[in-house]
Structure formats: structure tokens, C-alpha cells
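The file upload36.txt comes next; it holds compact mmCIF, C-alpha atoms.
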# COMPACT_ATOMS: atom_id res chain seq x y z
CA MET E 312 33.75 159.36 144.99
CA SER E 313 35.05 157.34 147.93
CA GLY E 314 38.70 157.15 146.78
CA ALA E 315 40.95 154.08 146.71
CA SER E 316 38.71 152.21 149.17
CA SER E 317 35.99 152.01 146.50
CA ASP E 318 38.25 149.69 144.49
CA ALA E 319 38.61 147.25 147.40
CA ARG E 320 36.52 144.10 147.11
CA LYS E 321 35.83 141.64 149.84
CA LEU E 322 37.00 138.15 148.96
CA THR E 323 34.38 135.50 148.48
CA ARG E 324 34.40 132.45 150.71
CA ARG E 325 35.62 130.36 147.76
CA GLU E 326 38.53 132.75 147.14
CA GLU E 327 39.47 132.69 150.84
CA LEU E 328 39.49 128.89 150.81
CA GLY E 329 41.67 128.94 147.68
CA ILE E 330 44.21 131.23 149.33
CA GLU E 331 44.24 129.08 152.46
CA SER E 332 44.67 125.91 150.41
CA ARG E 333 47.58 127.42 148.49
CA ARG E 334 49.24 128.45 151.77
CA ARG E 335 48.84 124.97 153.25
CA ILE E 336 50.29 123.35 150.12
CA ILE E 337 53.33 125.65 150.10
CA GLU E 338 53.95 125.18 153.84
CA ALA E 339 53.72 121.39 153.49
CA ALA E 340 55.99 121.33 150.43
CA ALA E 341 58.53 123.62 152.10
CA ALA E 342 58.71 121.39 155.18
CA LEU E 343 59.02 118.20 153.14
CA MET E 344 61.59 119.57 150.71
CA ALA E 345 63.68 120.88 153.62
CA GLU E 346 63.56 117.39 155.16
CA ARG E 347 63.91 115.19 152.06
CA GLY E 348 65.11 117.42 149.25
CA PHE E 349 63.29 118.06 146.00
CA ALA E 350 63.70 114.58 144.48
CA GLY E 351 62.53 112.92 147.70
CA THR E 352 59.33 114.96 147.89
CA SER E 353 56.37 113.63 145.95
CA ILE E 354 53.04 115.29 145.26
CA SER E 355 51.34 112.48 147.18
CA ALA E 356 53.53 113.26 150.20
CA VAL E 357 52.59 116.95 149.95
CA SER E 358 48.96 115.87 149.74
CA ARG E 359 49.25 113.82 152.92
CA ARG E 360 51.14 116.55 154.81
CA SER E 361 48.76 119.34 153.75
CA GLY E 362 45.58 117.29 154.09
CA LEU E 363 44.50 118.31 150.58
CA PRO E 364 43.93 116.04 147.56
CA SER E 365 46.49 115.85 144.77
CA GLY E 366 43.96 117.38 142.41
CA SER E 367 43.90 120.52 144.55
CA ILE E 368 47.69 120.75 144.39
CA TYR E 369 47.70 120.47 140.60
CA TRP E 370 44.92 123.03 140.40
CA HIS E 371 47.20 125.57 142.10
CA PHE E 372 50.52 124.38 140.61
CA GLU E 373 50.91 122.74 137.21
CA SER E 374 53.99 120.75 138.27
CA LYS E 375 56.30 119.97 141.15
CA GLN E 376 58.78 122.43 139.65
CA ALA E 377 56.16 125.19 139.78
CA LEU E 378 55.49 124.29 143.41
CA LEU E 379 59.22 124.52 144.16
CA GLY E 380 59.30 127.99 142.60
CA ALA E 381 56.47 129.11 144.88
CA VAL E 382 58.19 127.63 147.92
CA VAL E 383 61.40 129.52 147.12
CA GLU E 384 59.52 132.77 146.47
CA VAL E 385 57.55 132.63 149.72
CA GLY E 386 60.59 131.54 151.74
CA ALA E 387 62.74 134.32 150.28
CA ARG E 388 60.09 136.95 151.01
CA ARG E 389 59.79 135.76 154.61
CA TRP E 390 63.58 135.68 155.01
CA PHE E 391 64.18 139.14 153.57
CA ASP E 392 61.24 140.64 155.48
CA ALA E 393 63.05 139.62 158.66
CA LEU E 394 66.09 141.72 157.66
CA PRO E 395 66.07 145.48 158.24
CA GLY E 396 65.89 147.71 155.20
CA PRO E 397 68.46 150.48 154.56
CA ASP E 398 66.22 153.13 156.19
CA ALA E 399 65.84 151.04 159.34
CA LEU E 400 69.58 150.63 159.93
CA PRO E 401 71.56 152.87 162.33
CA PRO E 402 73.64 155.71 160.84
CA SER E 403 77.00 154.45 162.11
CA PRO E 404 78.71 152.08 159.60
CA ALA E 405 79.79 149.62 162.29
CA GLU E 406 76.33 149.69 163.87
CA ARG E 407 74.71 149.11 160.47
CA ILE E 408 76.70 145.93 159.92
CA GLU E 409 76.07 144.82 163.49
CA ALA E 410 72.30 145.34 163.09
CA LEU E 411 72.20 143.49 159.77
CA LEU E 412 74.23 140.53 161.05
CA GLU E 413 72.14 140.42 164.23
CA ALA E 414 68.98 140.25 162.13
CA ALA E 415 70.57 137.57 159.94
CA ALA E 416 71.39 135.50 163.02
CA ALA E 417 67.81 135.83 164.26
CA SER E 418 66.52 134.82 160.83
CA LEU E 419 68.74 131.72 160.80
CA GLU E 420 67.30 130.72 164.15
CA GLU E 421 63.66 131.48 163.27
CA HIS E 422 63.57 130.23 159.65
CA PRO E 423 66.21 127.50 159.31
CA GLU E 424 64.03 125.43 156.97
CA PHE E 425 64.42 127.91 154.11
CA LEU E 426 68.21 127.92 154.09
CA ARG E 427 68.23 124.15 154.56
CA LEU E 428 66.04 123.90 151.48
CA LEU E 429 68.41 126.08 149.44
CA PHE E 430 71.38 123.90 150.40
CA LEU E 431 69.56 120.68 149.61
CA ILE E 432 68.46 121.98 146.23
CA ALA E 433 72.00 123.11 145.44
CA LEU E 434 73.12 119.52 145.99
CA GLU E 435 70.37 118.25 143.69
CA ARG E 436 71.18 120.35 140.66
CA ARG E 437 70.52 117.50 138.22
CA GLU E 438 67.00 117.10 139.58
CA ILE E 439 66.09 120.80 139.39
CA ASP E 440 64.89 122.60 136.29
CA ASP E 441 66.66 125.73 135.05
CA THR E 442 63.77 128.02 136.03
CA SER E 443 63.86 126.89 139.66
CA LEU E 444 67.66 127.15 139.77
CA ALA E 445 67.43 130.69 138.40
CA ALA E 446 64.97 131.59 141.16
CA ILE E 447 67.37 130.27 143.79
CA ARG E 448 70.25 132.21 142.26
CA ARG E 449 68.14 135.39 142.43
CA VAL E 450 67.67 134.83 146.16
CA ARG E 451 71.44 134.63 146.60
CA GLU E 452 71.96 137.69 144.43
CA LEU E 453 69.46 139.70 146.48
CA ALA E 454 71.24 138.67 149.67
CA LEU E 455 74.59 139.67 148.18
CA GLU E 456 73.22 143.03 147.05
CA GLN E 457 71.87 143.86 150.51
CA LEU E 458 75.19 142.88 152.06
CA ARG E 459 77.10 144.87 149.43
CA ARG E 460 75.16 148.04 150.23
CA THR E 461 75.81 147.61 153.93
CA MET E 462 79.51 146.90 153.38
CA GLY E 463 79.64 150.02 151.23
CA THR E 464 78.64 152.14 154.23
CA LEU E 465 81.48 150.58 156.23
CA LEU E 466 83.98 151.57 153.55
CA GLU E 467 82.59 155.01 152.67
CA PRO E 468 84.56 156.91 155.36
CA PHE E 469 87.82 155.86 153.70
CA GLY E 470 86.88 157.60 150.46
CA SER E 471 88.82 155.08 148.37
CA GLU E 472 88.24 154.27 144.72
CA ARG E 473 88.65 150.63 145.71
CA SER E 474 85.69 150.75 148.10
CA PRO E 475 83.02 149.47 145.64
CA GLN E 476 85.17 146.49 144.67
CA LEU E 477 85.99 145.70 148.29
CA ALA E 478 82.31 146.03 149.23
CA ARG E 479 81.49 143.24 146.77
CA GLN E 480 84.33 141.09 148.11
CA PHE E 481 83.31 141.74 151.73
CA ALA E 482 79.70 140.85 150.85
CA ALA E 483 80.79 137.54 149.30
CA LEU E 484 82.89 136.79 152.39
CA ALA E 485 80.00 137.64 154.73
CA LEU E 486 77.57 135.43 152.82
CA SER E 487 80.07 132.57 152.90
CA VAL E 488 80.31 132.96 156.69
CA VAL E 489 76.50 132.95 156.91
CA ASP E 490 76.46 129.71 154.90
CA GLY E 491 79.09 128.13 157.12
CA ALA E 492 77.45 129.32 160.33
CA PHE E 493 74.14 127.83 159.25
CA LEU E 494 75.72 124.45 158.46
CA ALA E 495 77.66 124.47 161.73
CA HIS E 496 74.50 125.31 163.67
CA HIS E 497 72.62 122.57 161.83
CA VAL E 498 75.28 119.97 162.68
CA ASP E 499 75.94 121.13 166.25
CA PRO E 500 73.25 123.57 167.44
CA GLU E 501 74.35 123.41 171.07
CA GLY E 502 78.01 124.08 170.30
CA THR E 503 77.54 126.82 167.69
CA ASP E 504 76.89 130.40 168.78
CA VAL E 505 75.79 132.05 165.54
CA ARG E 506 75.51 135.52 167.08
CA ALA E 507 79.04 135.32 168.49
CA LEU E 508 80.35 134.23 165.08
CA PHE E 509 78.65 137.16 163.39
CA ALA E 510 79.95 139.58 166.02
CA LEU E 511 83.46 138.28 165.29
CA LEU E 512 82.81 138.69 161.57
CA ARG E 513 81.84 142.33 162.07
CA ARG E 514 85.04 143.01 164.00
CA ALA E 515 87.11 141.19 161.37
CA LEU E 516 85.58 143.16 158.51
CA THR E 517 86.09 146.47 160.31
CA ALA E 518 89.73 145.63 161.01
CA LEU E 519 90.24 144.42 157.44
CA ALA E 520 88.80 147.66 156.05
CA ARG E 521 91.24 149.68 158.17
CA GLU E 522 94.16 147.50 157.15
CA LEU E 523 93.39 147.70 153.42
CA LEU E 524 92.23 151.28 153.11
CA ALA E 525 93.52 153.35 156.02
CA PRO E 526 97.14 153.54 154.69
CA GLU E 527 95.74 154.43 151.27
CA ALA E 528 93.57 157.17 152.75
CA GLY E 529 96.54 158.49 154.69
CA SER E 530 98.70 158.57 151.56
CA SER E 531 96.00 160.46 149.66
CA ALA E 532 95.72 163.00 152.43
CA GLU E 533 99.50 163.45 152.50
CA ALA E 534 99.61 163.89 148.72
CA ALA E 535 96.88 166.52 148.89
CA ARG E 536 98.74 168.34 151.65
CA LYS E 537 101.92 168.49 149.58
CA LYS E 538 100.02 169.88 146.61
CA SER E 539 98.50 172.62 148.74
CA PRO E 540 100.19 176.05 148.28
CA THR E 541 100.44 176.41 152.04
CA GLY E 542 101.62 172.86 152.58
CA VAL E 543 98.85 172.23 155.15

Could you write out this structure as C-alpha cells?
Amino acid sequence: MSGASSDARKLTRREELGIESRRRIIEAAAALMAERGFAGTSISAVSRRSGLPSGSIYWHFESKQALLGAVVEVGARRWFDALPGPDALPPSPAERIEALLEAAAASLEEHPEFLRLLFLIALERREIDDTSLAAIRRVRELALEQLRRTMGTLLEPFGSERSPQLARQFAALALSVVDGAFLAHHVDPEGTDVRALFALLRRALTALARELLAPEAGSSAEAARKKSPTGV
């Protein structure tokens, strides 16, 4: 028995062409939707941009909505793959946030078309089906969850019962800054330093955590000291 490798099967030439065609269609649709929005992107335009016939597009995707779902899925995977996972982040809370925000800044610079697409779709809510909107919301929720976990490490040293709630609020604030930084960079790329903005955000969040939780932590420590039989 040759193990797991025995289950591997080499793709046929037809299967390879199918995968390549699907990739070209998604890349073309992503570029067009980021430029024109969902309503302004037609299947015929995707056909021209990809160099594939409309019949090939409908063979892979039953509708333009299904194509949008694939575009969002592929874009989200590419975006999140560019962000470091929890195991890849430094141990220090401040360094963890710095590393995540640095990666987010790099992702904004390297993959601006995906976030542009999300913003355009958000403005076209009446044109988008509920399934596609739900997929976009999941992308935002995944981003919030990753930010929430990282913010949690910033707040852990304070040992406060309020830390989980503040981590969610800090994550929402951070994502709002990411949104604003992207729009500012899109409007004025030369005058917007995304990395500097994110560095300022890290410092602001660290200072805010100290302001909100340090007095509370000090009060808890003082209360515990008073309860101690020795008073120390």
C-alpha cells in the first residue's frame, strides 16, 4: 500500500483547461466589478475581458450572482491568506497588533481591488441578491473576528472582566479605520500613508486600553491587598 499518495490522481488536460478557464473568468469579473460595480458588469463584458465565450462562463456559473459569489470567495481567501495567523504573530500584545496592522496595510496596497469591490457592492444593495450579500457580510465578520482575537491579547494583561467587550469594540474601531484608510488612499494615494495611520491606530488603542482598564486593574489589586490577612 503506497499511502495517501495512491489516492492522488493527475488531472486530465480537459480538467486543467477547465480550472484555468474558471480562474480567468473570476479574475476578469473581479477586475470589472471593482471598476464598474456589479450592475455595470455584464456577462458579455466578462467574456470580452477573459477572452472566453459567454457559454463557457455559464457552464462554470449559472448566473451573474453565482459569479459574484465566487469572486468574493476567492478575493476573501487571497486577502486573509495575506494576514498572519495567530501562531505566526509575535508574543508581545503590542507587537501582535503591530504585525497584524502592518500585514493589513500591505494587503491594502497589494489587493486594493477586493476592498474596492466590497465597497461598491455595499452601495449597490438593491442590485445584489441576499446570498451574495450574506457572503460579503461573512467576509466582514471573519475580519472582525481576527481583529477581536488580536485585540483580546492586548487587553489580557489587565485581567478585566470588561476585556472581551472592549476587544469587540476595539475590533470594530480598527475595522472602521481600515475602511477609512482604504478610501483615503483610493482618493489620494500620494497623500495618504496607510502604514503611518495604522501605526497611530496601534498607539491609540494601547493608550486607550491603559486609560480604560489600568485604573480598574489598580483598584482590583488594592482591594485584594486589603482583603489579605497581612495587608500586603

| Between atom CA of Leu486 of chain E and atom CA of Leu455 of chain E, distance in Å (one decimal) | 7.0 Å

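Separating atom CA of Ala399 of chain E from atom CA of Ala341 of chain E is a distance of 29.3 Å.
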
| For Arg388 of chain E, the nearest of the candidates E:Ala510, E:Val450, E:Leu477, E:Leu494, counting all atoms listed in the file |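 When distances to Arg388 of chain E are compared using all atoms listed in the file, the smallest one comes from E:Val450.
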
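Proximity ranking of E:Glu327, E:Glu384, E:Glu409, E:Glu338 relative to Ile447 of chain E places E:Glu384 first, based on all atoms listed in the file.
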
| Near-segment 505-507 of chain E list (12 Å; only C-alpha atoms; drop same-chain fewer than 5 positions) as JSON, numbers by chain | {"E": [409, 410, 411, 412, 413, 414, 415, 416, 417, 418, 419, 420, 488, 489, 490, 491, 492, 493, 494, 495, 496, 497, 499, 500, 512, 513, 514]}

| request: Find the residues near Ala350 of chain E: any atom within 12 Å, counting all atoms listed in the file, skip ones fewer than 2 places away on the same chain, and give them as a PyMOL selection string. | output: chain E and resi 340+343-348+352-354+356+375-376+379+428+431-440

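The interatomic distance for the pair atom CA of Gly329 of chain E and atom CA of Ser367 of chain E works out to 9.3 Å.
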
| query | Looking at E:Thr517, E:Ser471, E:Thr503, E:Ser443, which one is nearest to Gly380 of chain E, with distances taken over all atoms listed in the file? | reply |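 Of the candidates, the smallest distance to Gly380 of chain E is held by E:Ser443.
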